[in-house]
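Text of model.pdb (PDB, C-alpha atoms) as supplied:
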ATOM      1  CA  MET A   9     144.447  95.701 186.039  1.00  0.00           C
ATOM      2  CA  THR A  10     143.923  92.960 183.488  1.00  0.00           C
ATOM      3  CA  GLY A  11     142.040  89.980 184.887  1.00  0.00           C
ATOM      4  CA  SER A  12     140.217  92.267 187.340  1.00  0.00           C
ATOM      5  CA  PRO A  13     136.524  93.159 187.610  1.00  0.00           C
ATOM      6  CA  PHE A  14     137.466  96.430 185.868  1.00  0.00           C
ATOM      7  CA  ASP A  15     137.847  94.571 182.562  1.00  0.00           C
ATOM      8  CA  CYS A  16     134.098  94.032 182.208  1.00  0.00           C
ATOM      9  CA  TRP A  17     133.485  97.755 182.694  1.00  0.00           C
ATOM     10  CA  TYR A  18     135.935  98.617 179.934  1.00  0.00           C
ATOM     11  CA  ARG A  19     134.373  96.064 177.588  1.00  0.00           C
ATOM     12  CA  LEU A  20     130.975  97.579 178.352  1.00  0.00           C
ATOM     13  CA  GLY A  21     132.396 101.006 177.463  1.00  0.00           C
ATOM     14  CA  GLN A  22     133.652  99.605 174.153  1.00  0.00           C
ATOM     15  CA  VAL A  23     130.242  98.144 173.358  1.00  0.00           C
ATOM     16  CA  LEU A  24     128.463 101.400 174.200  1.00  0.00           C
ATOM     17  CA  SER A  25     130.884 103.448 172.099  1.00  0.00           C
ATOM     18  CA  ARG A  26     130.306 101.117 169.136  1.00  0.00           C
ATOM     19  CA  ILE A  27     126.552 101.498 169.511  1.00  0.00           C
ATOM     20  CA  PHE A  28     126.146 105.203 170.221  1.00  0.00           C
ATOM     21  CA  ILE A  29     128.886 106.842 168.141  1.00  0.00           C
ATOM     22  CA  PRO A  30     127.789 105.383 164.763  1.00  0.00           C
ATOM     23  CA  THR A  31     124.120 105.816 165.718  1.00  0.00           C
ATOM     24  CA  PHE A  32     124.329 109.529 166.429  1.00  0.00           C
ATOM     25  CA  GLY A  33     127.194 110.425 164.124  1.00  0.00           C
ATOM     26  CA  SER A  34     129.230 109.280 161.159  1.00  0.00           C
ATOM     27  CA  ILE A  35     132.673 107.889 161.939  1.00  0.00           C
ATOM     28  CA  GLU A  36     135.407 106.588 159.660  1.00  0.00           C
ATOM     29  CA  VAL A  37     138.443 104.764 161.034  1.00  0.00           C
ATOM     30  CA  ARG A  38     141.477 104.105 158.839  1.00  0.00           C
ATOM     31  CA  GLY A  39     144.497 101.965 159.645  1.00  0.00           C
ATOM     32  CA  GLN A  40     143.064  99.701 162.373  1.00  0.00           C
ATOM     33  CA  ASP A  41     144.901  96.688 160.952  1.00  0.00           C
ATOM     34  CA  GLY A  42     148.234  98.364 161.721  1.00  0.00           C
ATOM     35  CA  VAL A  43     147.679  98.571 165.486  1.00  0.00           C
ATOM     36  CA  PRO A  44     150.243  96.297 167.216  1.00  0.00           C
ATOM     37  CA  ARG A  45     148.749  93.785 169.625  1.00  0.00           C
ATOM     38  CA  PRO A  46     149.666  92.608 172.128  1.00  0.00           C
ATOM     39  CA  GLY A  47     152.670  94.267 173.782  1.00  0.00           C
ATOM     40  CA  PRO A  48     153.510  97.705 175.176  1.00  0.00           C
ATOM     41  CA  LEU A  49     152.340 100.599 173.022  1.00  0.00           C
ATOM     42  CA  ILE A  50     152.183 104.384 173.378  1.00  0.00           C
ATOM     43  CA  ILE A  51     149.283 105.808 171.390  1.00  0.00           C
ATOM     44  CA  VAL A  52     149.616 109.546 170.728  1.00  0.00           C
ATOM     45  CA  ALA A  53     146.819 111.674 169.292  1.00  0.00           C
ATOM     46  CA  ASN A  54     145.747 115.269 168.869  1.00  0.00           C
ATOM     47  CA  HIS A  55     143.183 116.443 171.426  1.00  0.00           C
ATOM     48  CA  GLN A  56     140.214 118.542 170.349  1.00  0.00           C
ATOM     49  CA  SER A  57     137.398 117.819 172.796  1.00  0.00           C
ATOM     50  CA  ASN A  58     136.308 115.746 175.786  1.00  0.00           C
ATOM     51  CA  SER A  59     134.782 113.274 173.342  1.00  0.00           C
ATOM     52  CA  ASP A  60     138.227 112.169 172.086  1.00  0.00           C
ATOM     53  CA  PRO A  61     138.728 109.380 174.688  1.00  0.00           C
ATOM     54  CA  PRO A  62     135.468 107.527 173.859  1.00  0.00           C
ATOM     55  CA  VAL A  63     136.210 107.994 170.150  1.00  0.00           C
ATOM     56  CA  MET A  64     139.617 106.386 170.708  1.00  0.00           C
ATOM     57  CA  VAL A  65     138.011 103.531 172.668  1.00  0.00           C
ATOM     58  CA  TYR A  66     135.827 102.991 169.582  1.00  0.00           C
ATOM     59  CA  ALA A  67     138.701 103.213 167.097  1.00  0.00           C
ATOM     60  CA  ILE A  68     141.528 101.247 168.746  1.00  0.00           C
ATOM     61  CA  PRO A  69     140.972  97.456 168.596  1.00  0.00           C
ATOM     62  CA  ARG A  70     142.583  96.708 171.950  1.00  0.00           C
ATOM     63  CA  ALA A  71     142.119  97.902 175.522  1.00  0.00           C
ATOM     64  CA  ILE A  72     143.712 101.287 176.169  1.00  0.00           C
ATOM     65  CA  PHE A  73     144.735 103.017 179.394  1.00  0.00           C
ATOM     66  CA  PHE A  74     144.934 106.773 179.794  1.00  0.00           C
ATOM     67  CA  MET A  75     145.197 109.651 182.251  1.00  0.00           C
ATOM     68  CA  ALA A  76     142.756 112.455 183.026  1.00  0.00           C
ATOM     69  CA  LYS A  77     142.941 115.550 185.197  1.00  0.00           C
ATOM     70  CA  ARG A  78     142.453 114.829 188.886  1.00  0.00           C
ATOM     71  CA  SER A  79     139.524 117.238 189.219  1.00  0.00           C
ATOM     72  CA  LEU A  80     137.333 114.783 187.279  1.00  0.00           C
ATOM     73  CA  PHE A  81     137.689 112.255 190.088  1.00  0.00           C
ATOM     74  CA  TRP A  82     135.076 113.731 192.415  1.00  0.00           C
ATOM     75  CA  GLY A  83     133.331 111.385 194.804  1.00  0.00           C
ATOM     76  CA  PRO A  84     133.780 107.638 195.282  1.00  0.00           C
ATOM     77  CA  VAL A  85     131.297 106.560 192.586  1.00  0.00           C
ATOM     78  CA  VAL A  86     132.743 108.692 189.773  1.00  0.00           C
ATOM     79  CA  SER A  87     136.300 107.810 190.831  1.00  0.00           C
ATOM     80  CA  TYR A  88     135.484 104.097 190.769  1.00  0.00           C
ATOM     81  CA  LEU A  89     133.846 104.282 187.343  1.00  0.00           C
ATOM     82  CA  LEU A  90     136.751 106.238 185.836  1.00  0.00           C
ATOM     83  CA  ARG A  91     139.318 103.793 187.170  1.00  0.00           C
ATOM     84  CA  ALA A  92     137.098 100.929 185.992  1.00  0.00           C
ATOM     85  CA  VAL A  93     137.458 102.126 182.398  1.00  0.00           C
ATOM     86  CA  HIS A  94     141.263 102.392 182.734  1.00  0.00           C
ATOM     87  CA  VAL A  95     141.547 106.102 183.614  1.00  0.00           C
ATOM     88  CA  TYR A  96     144.192 107.270 186.107  1.00  0.00           C
ATOM     89  CA  PRO A  97     144.193 110.704 187.816  1.00  0.00           C
ATOM     90  CA  VAL A  98     147.008 113.115 187.020  1.00  0.00           C
ATOM     91  CA  ASP A  99     147.990 116.597 188.198  1.00  0.00           C
ATOM     92  CA  ARG A 100     148.308 118.921 185.223  1.00  0.00           C
ATOM     93  CA  ASP A 101     151.358 120.773 186.550  1.00  0.00           C
ATOM     94  CA  GLY A 102     153.668 118.271 184.799  1.00  0.00           C
ATOM     95  CA  ARG A 103     155.274 117.051 188.049  1.00  0.00           C
ATOM     96  CA  ASP A 104     153.036 114.121 189.011  1.00  0.00           C
ATOM     97  CA  MET A 105     155.521 111.352 189.766  1.00  0.00           C
ATOM     98  CA  ASP A 106     152.780 108.901 190.787  1.00  0.00           C
ATOM     99  CA  ALA A 107     151.166 109.246 187.356  1.00  0.00           C
ATOM    100  CA  LEU A 108     154.557 108.796 185.664  1.00  0.00           C
ATOM    101  CA  ARG A 109     155.234 105.620 187.622  1.00  0.00           C
ATOM    102  CA  TRP A 110     151.742 104.356 186.755  1.00  0.00           C
ATOM    103  CA  ALA A 111     152.403 105.032 183.054  1.00  0.00           C
ATOM    104  CA  GLN A 112     155.754 103.235 183.205  1.00  0.00           C
ATOM    105  CA  PHE A 113     154.194 100.246 184.971  1.00  0.00           C
ATOM    106  CA  THR A 114     151.351 100.162 182.439  1.00  0.00           C
ATOM    107  CA  LEU A 115     153.846  99.866 179.577  1.00  0.00           C
ATOM    108  CA  LYS A 116     156.042  97.391 181.443  1.00  0.00           C
ATOM    109  CA  ASP A 117     152.936  95.258 181.880  1.00  0.00           C
ATOM    110  CA  GLY A 118     152.485  95.126 178.093  1.00  0.00           C
ATOM    111  CA  LYS A 119     149.479  97.436 177.871  1.00  0.00           C
ATOM    112  CA  ALA A 120     148.543 100.233 175.477  1.00  0.00           C
ATOM    113  CA  LEU A 121     148.820 103.744 176.924  1.00  0.00           C
ATOM    114  CA  LEU A 122     147.000 106.679 175.303  1.00  0.00           C
ATOM    115  CA  ILE A 123     148.633 110.113 175.596  1.00  0.00           C
ATOM    116  CA  PHE A 124     147.442 113.471 174.313  1.00  0.00           C
ATOM    117  CA  PRO A 125     150.852 115.196 174.011  1.00  0.00           C
ATOM    118  CA  GLU A 126     149.443 118.730 173.883  1.00  0.00           C
ATOM    119  CA  GLY A 127     148.375 118.323 177.509  1.00  0.00           C
ATOM    120  CA  THR A 128     145.026 120.049 176.968  1.00  0.00           C
ATOM    121  CA  ARG A 129     142.361 120.452 174.316  1.00  0.00           C
ATOM    122  CA  SER A 130     143.262 122.394 171.172  1.00  0.00           C
ATOM    123  CA  PRO A 131     140.212 122.448 168.897  1.00  0.00           C
ATOM    124  CA  GLY A 132     140.932 122.884 165.213  1.00  0.00           C
ATOM    125  CA  GLY A 133     144.745 122.926 165.289  1.00  0.00           C
ATOM    126  CA  LEU A 134     147.777 121.421 167.012  1.00  0.00           C
ATOM    127  CA  ARG A 135     149.485 123.406 169.752  1.00  0.00           C
ATOM    128  CA  GLU A 136     153.016 122.964 171.090  1.00  0.00           C
ATOM    129  CA  ALA A 137     153.346 119.627 172.904  1.00  0.00           C
ATOM    130  CA  THR A 138     155.023 118.931 176.220  1.00  0.00           C
ATOM    131  CA  ASP A 139     158.017 116.571 176.297  1.00  0.00           C
ATOM    132  CA  GLY A 140     156.510 114.051 178.735  1.00  0.00           C
ATOM    133  CA  LEU A 141     155.588 111.623 175.987  1.00  0.00           C
ATOM    134  CA  ALA A 142     159.136 111.730 174.576  1.00  0.00           C
ATOM    135  CA  TYR A 143     160.635 110.926 177.974  1.00  0.00           C
ATOM    136  CA  LEU A 144     158.232 108.016 178.420  1.00  0.00           C
ATOM    137  CA  ALA A 145     158.852 106.645 174.924  1.00  0.00           C
ATOM    138  CA  LEU A 146     162.639 106.966 175.121  1.00  0.00           C
ATOM    139  CA  SER A 147     162.938 105.568 178.642  1.00  0.00           C
ATOM    140  CA  SER A 148     160.589 102.631 178.020  1.00  0.00           C
ATOM    141  CA  GLY A 149     161.571 101.789 174.440  1.00  0.00           C
ATOM    142  CA  ALA A 150     157.890 101.152 173.672  1.00  0.00           C
ATOM    143  CA  PRO A 151     156.698 101.660 170.086  1.00  0.00           C
ATOM    144  CA  VAL A 152     154.716 104.823 169.388  1.00  0.00           C
ATOM    145  CA  LEU A 153     151.512 104.872 167.350  1.00  0.00           C
ATOM    146  CA  PRO A 154     150.467 108.286 165.920  1.00  0.00           C
ATOM    147  CA  VAL A 155     146.746 108.933 165.494  1.00  0.00           C
ATOM    148  CA  ALA A 156     144.876 111.894 163.992  1.00  0.00           C
ATOM    149  CA  ILE A 157     141.312 112.811 165.004  1.00  0.00           C
ATOM    150  CA  THR A 158     139.109 115.240 163.065  1.00  0.00           C
ATOM    151  CA  GLY A 159     135.518 116.331 163.630  1.00  0.00           C
ATOM    152  CA  THR A 160     135.388 116.123 167.424  1.00  0.00           C
ATOM    153  CA  GLU A 161     136.150 119.844 167.750  1.00  0.00           C
ATOM    154  CA  ARG A 162     132.505 120.461 166.835  1.00  0.00           C
ATOM    155  CA  ILE A 163     131.214 118.345 169.739  1.00  0.00           C
ATOM    156  CA  ARG A 164     130.487 120.261 172.915  1.00  0.00           C
ATOM    157  CA  GLY A 165     131.268 118.018 175.873  1.00  0.00           C
ATOM    158  CA  MET A 166     131.801 114.270 176.182  1.00  0.00           C
ATOM    159  CA  PHE A 167     128.168 113.267 176.594  1.00  0.00           C
ATOM    160  CA  ARG A 168     126.476 115.465 173.989  1.00  0.00           C
ATOM    161  CA  ILE A 169     127.496 113.532 170.902  1.00  0.00           C
ATOM    162  CA  ALA A 170     123.918 112.218 170.691  1.00  0.00           C
ATOM    163  CA  PHE A 171     122.697 115.743 170.002  1.00  0.00           C
ATOM    164  CA  HIS A 172     125.333 116.642 167.431  1.00  0.00           C
ATOM    165  CA  PHE A 173     125.312 114.522 164.306  1.00  0.00           C
ATOM    166  CA  GLN A 174     128.902 114.976 163.182  1.00  0.00           C
ATOM    167  CA  ARG A 175     131.266 113.437 160.684  1.00  0.00           C
ATOM    168  CA  LEU A 176     134.257 112.090 162.592  1.00  0.00           C
ATOM    169  CA  CYS A 177     137.446 110.592 161.224  1.00  0.00           C
ATOM    170  CA  VAL A 178     140.276 108.716 162.963  1.00  0.00           C
ATOM    171  CA  VAL A 179     143.443 108.024 160.975  1.00  0.00           C
ATOM    172  CA  ILE A 180     145.862 105.547 162.561  1.00  0.00           C
ATOM    173  CA  GLY A 181     149.437 105.822 161.341  1.00  0.00           C
ATOM    174  CA  GLU A 182     152.362 103.418 161.295  1.00  0.00           C
ATOM    175  CA  PRO A 183     153.984 102.435 164.622  1.00  0.00           C
ATOM    176  CA  PHE A 184     157.607 103.476 165.104  1.00  0.00           C
ATOM    177  CA  THR A 185     160.271 103.491 167.802  1.00  0.00           C
ATOM    178  CA  LEU A 186     162.220 106.582 168.789  1.00  0.00           C
ATOM    179  CA  PRO A 187     165.993 105.960 168.613  1.00  0.00           C
ATOM    180  CA  ARG A 188     167.490 106.049 172.112  1.00  0.00           C
ATOM    181  CA  PRO A 189     170.276 108.661 172.341  1.00  0.00           C
ATOM    182  CA  GLU A 190     173.479 107.694 174.112  1.00  0.00           C
ATOM    183  CA  GLY A 191     174.029 109.001 177.606  1.00  0.00           C
ATOM    184  CA  ARG A 192     171.626 110.903 179.814  1.00  0.00           C
ATOM    185  CA  LEU A 193     168.560 112.438 178.184  1.00  0.00           C
ATOM    186  CA  ASN A 194     168.623 116.213 177.905  1.00  0.00           C
ATOM    187  CA  ARG A 195     166.121 118.881 176.903  1.00  0.00           C
ATOM    188  CA  VAL A 196     167.389 119.141 173.345  1.00  0.00           C
ATOM    189  CA  GLN A 197     166.981 115.406 172.769  1.00  0.00           C
ATOM    190  CA  LEU A 198     163.519 115.406 174.335  1.00  0.00           C
ATOM    191  CA  GLN A 199     162.418 118.369 172.214  1.00  0.00           C
ATOM    192  CA  ARG A 200     163.752 116.723 169.068  1.00  0.00           C
ATOM    193  CA  ALA A 201     161.858 113.506 169.857  1.00  0.00           C
ATOM    194  CA  THR A 202     158.689 115.456 170.679  1.00  0.00           C
ATOM    195  CA  ASP A 203     158.853 117.290 167.358  1.00  0.00           C
ATOM    196  CA  ASP A 204     159.318 113.972 165.559  1.00  0.00           C
ATOM    197  CA  VAL A 205     156.196 112.497 167.178  1.00  0.00           C
ATOM    198  CA  MET A 206     154.094 115.616 166.619  1.00  0.00           C
ATOM    199  CA  GLY A 207     155.268 115.841 163.023  1.00  0.00           C
ATOM    200  CA  ARG A 208     153.952 112.336 162.429  1.00  0.00           C
ATOM    201  CA  ILE A 209     150.573 113.255 163.907  1.00  0.00           C
ATOM    202  CA  ALA A 210     150.508 116.431 161.789  1.00  0.00           C
ATOM    203  CA  ALA A 211     151.231 114.422 158.639  1.00  0.00           C
ATOM    204  CA  LEU A 212     148.035 112.415 159.243  1.00  0.00           C
ATOM    205  CA  LEU A 213     145.913 115.548 159.656  1.00  0.00           C
ATOM    206  CA  PRO A 214     144.467 117.823 156.965  1.00  0.00           C
ATOM    207  CA  GLN A 215     146.620 120.931 156.470  1.00  0.00           C
ATOM    208  CA  SER A 216     144.144 123.177 158.271  1.00  0.00           C
ATOM    209  CA  TYR A 217     144.462 121.114 161.484  1.00  0.00           C
ATOM    210  CA  ARG A 218     148.265 121.115 161.739  1.00  0.00           C
ATOM    211  CA  GLY A 219     148.520 124.354 163.687  1.00  0.00           C
ATOM    212  CA  ALA A 220     151.907 124.881 165.336  1.00  0.00           C
ATOM    213  CA  TYR A 221     153.386 121.967 163.358  1.00  0.00           C
ATOM    214  CA  ALA A 222     152.196 123.000 159.873  1.00  0.00           C
ATOM    215  CA  GLU A 223     155.431 124.671 158.737  1.00  0.00           C
ATOM    216  CA  ARG A 224     157.620 122.004 160.346  1.00  0.00           C
ATOM    217  CA  ASP A 225     155.714 119.255 158.552  1.00  0.00           C
ATOM    218  CA  GLU A 226     156.076 121.053 155.206  1.00  0.00           C
ATOM    219  CA  GLU A 227     159.829 121.343 155.732  1.00  0.00           C
ATOM    220  CA  GLY A 228     160.039 117.588 156.316  1.00  0.00           C
ATOM    221  CA  ARG A 229     161.384 115.509 159.171  1.00  0.00           C
ATOM    222  CA  ALA A 230     164.585 113.523 159.544  1.00  0.00           C
TER     223      ALA A 230
END

Since I need it in another form, could you write the structure as structure tokens?
Amino acid sequence: MTGSPFDCWYRLGQVLSRIFIPTFGSIEVRGQDGVPRPGPLIIVANHQSNSDPPVMVYAIPRAIFFMAKRSLFWGPVVSYLLRAVHVYPVDRDGRDMDALRWAQFTLKDGKALLIFPEGTRSPGGLREATDGLAYLALSSGAPVLPVAITGTERIRGMFRIAFHFQRLCVVIGEPFTLPRPEGRLNRVQLQRATDDVMGRIAALLPQSYRGAYAERDEEGRA
């Protein structure tokens, strides 16, 4: 999708996010200098509201690609605009092979892929993540970048940030690569890798936001 007419739409989205978010709210971004560019990258973040994607577009200093539930793609105009800003439709039953292939191709093409590992919004605290991100990271070998978002849980809807002056914070952690186990991946290995990734996100969050990963983070990770 790079080099296509879609690029100008994404750049426009970046410009708008950098105008409207600081105008109608207060946002702090830490760790931008540590974002690898270029090259394949899996960005993983907690997910608190529909405003998280535009906040990430604001915070990450390179173009990002991400998936959204298929029901958002209603009508040709909305579908075109979503795809134009690098959004791909996905079924939320966890068995969308087309979306998986798209994600793999996106990484193979050297792009940055944003994943919300919890699979749905969890305002105020982390919930148990699915193992899809671990499979993608282990099978692709792409580095993983943990990110923590706070403040968006108080925003109701993606387009109402202008009416809710909020203090937002995005903390970008250090990129890392999951060690590839020998042999065929199994559920235990995927769960272990998922817990590792989520533990790193939890470590960037205030204690009150860590939810299901609070005790695990306190115990420490390997």

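Reported to one decimal place, the separation of atom CA of Leu146 of chain A from atom CA of Pro187 of chain A is 7.4 Å.
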
Take the PyMOL selection byres ((chain A and resi 63) around 9), apply it to the structure above, and return the hits as a PyMOL selection string. chain A and resi 25+29+35+59-62+64-68+157+160+176+178

Write out, as a PDB file, keeping the file's coordinate frame, the residues just selected, with C-alpha atoms.
ATOM      1  CA  SER A  25     130.884 103.448 172.099  1.00  0.00           C
ATOM      2  CA  ILE A  29     128.886 106.842 168.141  1.00  0.00           C
ATOM      3  CA  ILE A  35     132.673 107.889 161.939  1.00  0.00           C
ATOM      4  CA  SER A  59     134.782 113.274 173.342  1.00  0.00           C
ATOM      5  CA  ASP A  60     138.227 112.169 172.086  1.00  0.00           C
ATOM      6  CA  PRO A  61     138.728 109.380 174.688  1.00  0.00           C
ATOM      7  CA  PRO A  62     135.468 107.527 173.859  1.00  0.00           C
ATOM      8  CA  MET A  64     139.617 106.386 170.708  1.00  0.00           C
ATOM      9  CA  VAL A  65     138.011 103.531 172.668  1.00  0.00           C
ATOM     10  CA  TYR A  66     135.827 102.991 169.582  1.00  0.00           C
ATOM     11  CA  ALA A  67     138.701 103.213 167.097  1.00  0.00           C
ATOM     12  CA  ILE A  68     141.528 101.247 168.746  1.00  0.00           C
ATOM     13  CA  ILE A 157     141.312 112.811 165.004  1.00  0.00           C
ATOM     14  CA  THR A 160     135.388 116.123 167.424  1.00  0.00           C
ATOM     15  CA  LEU A 176     134.257 112.090 162.592  1.00  0.00           C
ATOM     16  CA  VAL A 178     140.276 108.716 162.963  1.00  0.00           C
TER      17      VAL A 178
END

From atom CA of Pro46 of chain A to atom CA of Met206 of chain A the spacing works out at 24.1 Å

Among the residues A:Pro214, A:Pro69, A:Gly219, A:Pro183, the one that comes closest to Val23 of chain A [using only C-alpha atoms]: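 Comparing A:Pro214, A:Pro69, A:Gly219, A:Pro183 against Val23 of chain A, the winner is A:Pro69.
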
Quick one: which residues end up in the PyMOL selection byres ((chain A and resi 48) around 8) for this structure, as a CSV table (one decimal) with C-alpha atoms, in the coordinates of the input?
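Output file part.csv follows:
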chain,number,residue,atom,x,y,z
A,46,PRO,CA,149.7,92.6,172.1
A,47,GLY,CA,152.7,94.3,173.8
A,49,LEU,CA,152.3,100.6,173.0
A,50,ILE,CA,152.2,104.4,173.4
A,114,THR,CA,151.4,100.2,182.4
A,115,LEU,CA,153.8,99.9,179.6
A,116,LYS,CA,156.0,97.4,181.4
A,117,ASP,CA,152.9,95.3,181.9
A,118,GLY,CA,152.5,95.1,178.1
A,119,LYS,CA,149.5,97.4,177.9
A,120,ALA,CA,148.5,100.2,175.5
A,121,LEU,CA,148.8,103.7,176.9
A,150,ALA,CA,157.9,101.2,173.7
A,151,PRO,CA,156.7,101.7,170.1

Could you name the residues that touch Pro189 of chain A at 12 Å or less, counting all atoms listed in the file, but leaving out those on the same chain fewer than 2 positions away, as a ChimeraX atom specification? /A:142-143,145-147,149,186-187,191-198,200-201

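Put simply, atom CA of Trp17 of chain A is 12.6 Å away from atom CA of Ile72 of chain A.
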
Within 9 Å of segment 209-213 of chain A, which residues of segment 19-127 of chain A show up? Give each one with its shortest atom-to-atom distance in Å (one decimal) and the two atoms involved, counting all atoms listed in the file, rows by chain then rising residue number, as JSON lines.
{"residue": "A:Val52", "atom": "CA", "partner": "A:Ile209", "partner_atom": "CA", "distance": 7.8}
{"residue": "A:Ala53", "atom": "CA", "partner": "A:Ile209", "partner_atom": "CA", "distance": 6.8}
{"residue": "A:Asn54", "atom": "CA", "partner": "A:Ile209", "partner_atom": "CA", "distance": 7.2}

Restricting the calculation to only C-alpha atoms, which member of A:Thr31, A:Gln22, A:Ser57, A:Gln112 is positioned closest to Leu144 of chain A? A:Gln112

Could you tell me which residues the PyMOL selection byres ((chain A and resi 128-135) around 10) grabs in this file, written as a PyMOL selection string? chain A and resi 54-58+60+76-77+100+124-127+136-138+158-163+206+209-210+213-222

Can you find the residues with an atom no farther than 12 Å from (131.6, 99.2, 179.9), counting all atoms listed in the file, and report them as a ChimeraX atom specification? /A:13-27,62,65-66,71,89-94

Which neighbours of segment 180-182 of chain A fall inside 9 Å, counting only C-alpha atoms, when residues of the same chain fewer than 6 positions from it are skipped, and could you give them as an NGL selection string? :A and (37-40 or 42-43 or 67-68 or 152-157 or 208-209 or 212)

Given 3 Å on each side, where is the centre and what are the edge lengths in Å to one decimal of the axis-aligned box enclosing the listed atoms of segment 84-92 of chain A, as AutoDock Vina command-line options?
--center_x 135.3 --center_y 104.8 --center_z 190.6 --size_x 14.0 --size_y 13.8 --size_z 15.4
